[in-house]
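Note sheet for the following structure.
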Amino acid sequence: MSRALPKYNRRRVAFIGGAAAVVLSGAVIAGSALAGEPSKGGGAQSARTLADPGTISCPDVKSQLPAVPASAQAEVDRNLGLLDTQVQEANTRLRNTVGQGGPNFVQNAILGPLKDKRVSTIDRIAIAIGRKGTKPQGLDALAPCALDRAGGAGGSGTATAAPTASATAAGQQADGQQAGGSGTAGGPGAAGAAGTISCPDVKSQLPAVPASAQAEVDRNLGLLDTQVQEANTRLRNTVGQGGPNFVQNAILGPLKDKRVSTIDRIAIAIGRTSAKPQGLDSLAACTLTK
């Protein structure tokens, strides 16, 4: 026959049972966490990862230049500063578009357009030096930039302290559509839902072109056409990407910047032996026609 436990033993058993229940509950909770329940720390880490898209780094142009003639120094310095500004803007666009687009978004929307701008700016530097000295060759090799997850980007090539990154931009499109860069719009075939980019005609607005400048003017008029064709291609390739301002920020904006540089070179070429045409920059902006 079993005997009832003394009162103090009953208390001891109750205490041990309660402790065991607490230990068991703790084990269940720990097991749940190990089984994959999200922790606050993990969420913070994900947020940090999304908030840090990296920085764009570019080769240093200034250190690769030959001696700059005194008469070209101001123009060279202005364009070196523009290179820095371009990278800062690209970094701002990179940060502002985190999570947008597919795997090639950064290349198509930021690094590609940035390279195009740098080619034009570096070309102006070489032209300025070449007017009074020997024009440097091969500087275009310094135009491509890269995404550096570790930080620091420099426009002229020097590393700039983390300009915020964002990315505007975007691959664009036109599979065969030719929009006249020099001003004519549109080309064979409709761009469908993407539309077509149309630009003002530059050639028809030029004054008489001196014979000595004709080749350079024609080359840049052809470049205007190429720029619009490329923008139309990017337009089609990025249909459905980004928000309501995607086309403006990623395609039309970068295209305008390229056209400003190219039109400026046309005006400079004419101005070397004749009156430099004014106001051509007003022809740089393009529009999307559905």
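Residue numbers start at 1 in each chain; chains themselves are named A, B, ... in the order of the structure tokens; ligands are numbered from 1 in the order shown.
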List the spatial neighbours of stretch 265-278 of chain A as a PyMOL selection string - criterion: any atom at most 7 Å away, only C-alpha atoms, same-chain residues fewer than 2 positions off excluded. chain A and resi 209-210+213+216-217+220+261-263+280
Using only C-alpha atoms, can you tell me which of A:Thr121, A:Asn96, A:Ser212, A:Asn108 comes closest to A:Arg78?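 Using only C-alpha atoms, the shortest distance to A:Arg78 belongs to A:Thr121.
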Between A:Asp218, A:Glu230, A:Glu89, A:Asp123, smallest distance to A:Thr196 by only C-alpha atoms belongs to A:Glu230
For A:Gln100, which residue among A:Ala208, A:Asn232, A:Leu288, A:Pro53 is the nearest when counting only C-alpha atoms?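 Residue with the minimum atom-to-atom distance to A:Gln100: A:Pro53.
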Contacts of A:Gln64 within 12 Å, only C-alpha atoms, excl. fewer than 4 positions in-chain, as a list in words: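 Counting only the stated atoms, we get Pro59, Asp60, Val68, Leu80, Ile122, Ile125, Ala126, Pro136, Gln137, Gly138, Leu139, Asp140, Ala141, Leu142, Ser156, Gly157 and Thr158 of chain A.
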Among A:Ala284, A:Cys145, A:Leu252, A:Val76, A:Leu111 is approached most closely, using only C-alpha atoms, by A:Cys145
Considering only C-alpha atoms, can you say which of A:Ser282, A:Thr287, A:Gln88, A:Gln73 comes closest to A:Gln248? A:Thr287
Atom CA of A:Lys258 and atom CA of A:Asp77 are how many Å apart?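 Value for the atom CA of A:Lys258-atom CA of A:Asp77 distance: 19.3 Å.
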Distance criterion (only C-alpha atoms): nearest to A:Val98 out of A:Arg236, A:Gly242, A:Ile129, A:Lys115: A:Gly242
Which polymer residues have any atom within 9 Å of an atom of A:Ser71, counting only C-alpha atoms, with same-chain residues fewer than 4 positions away left out, as number ranges by chain? A: 75, 128-129, 132
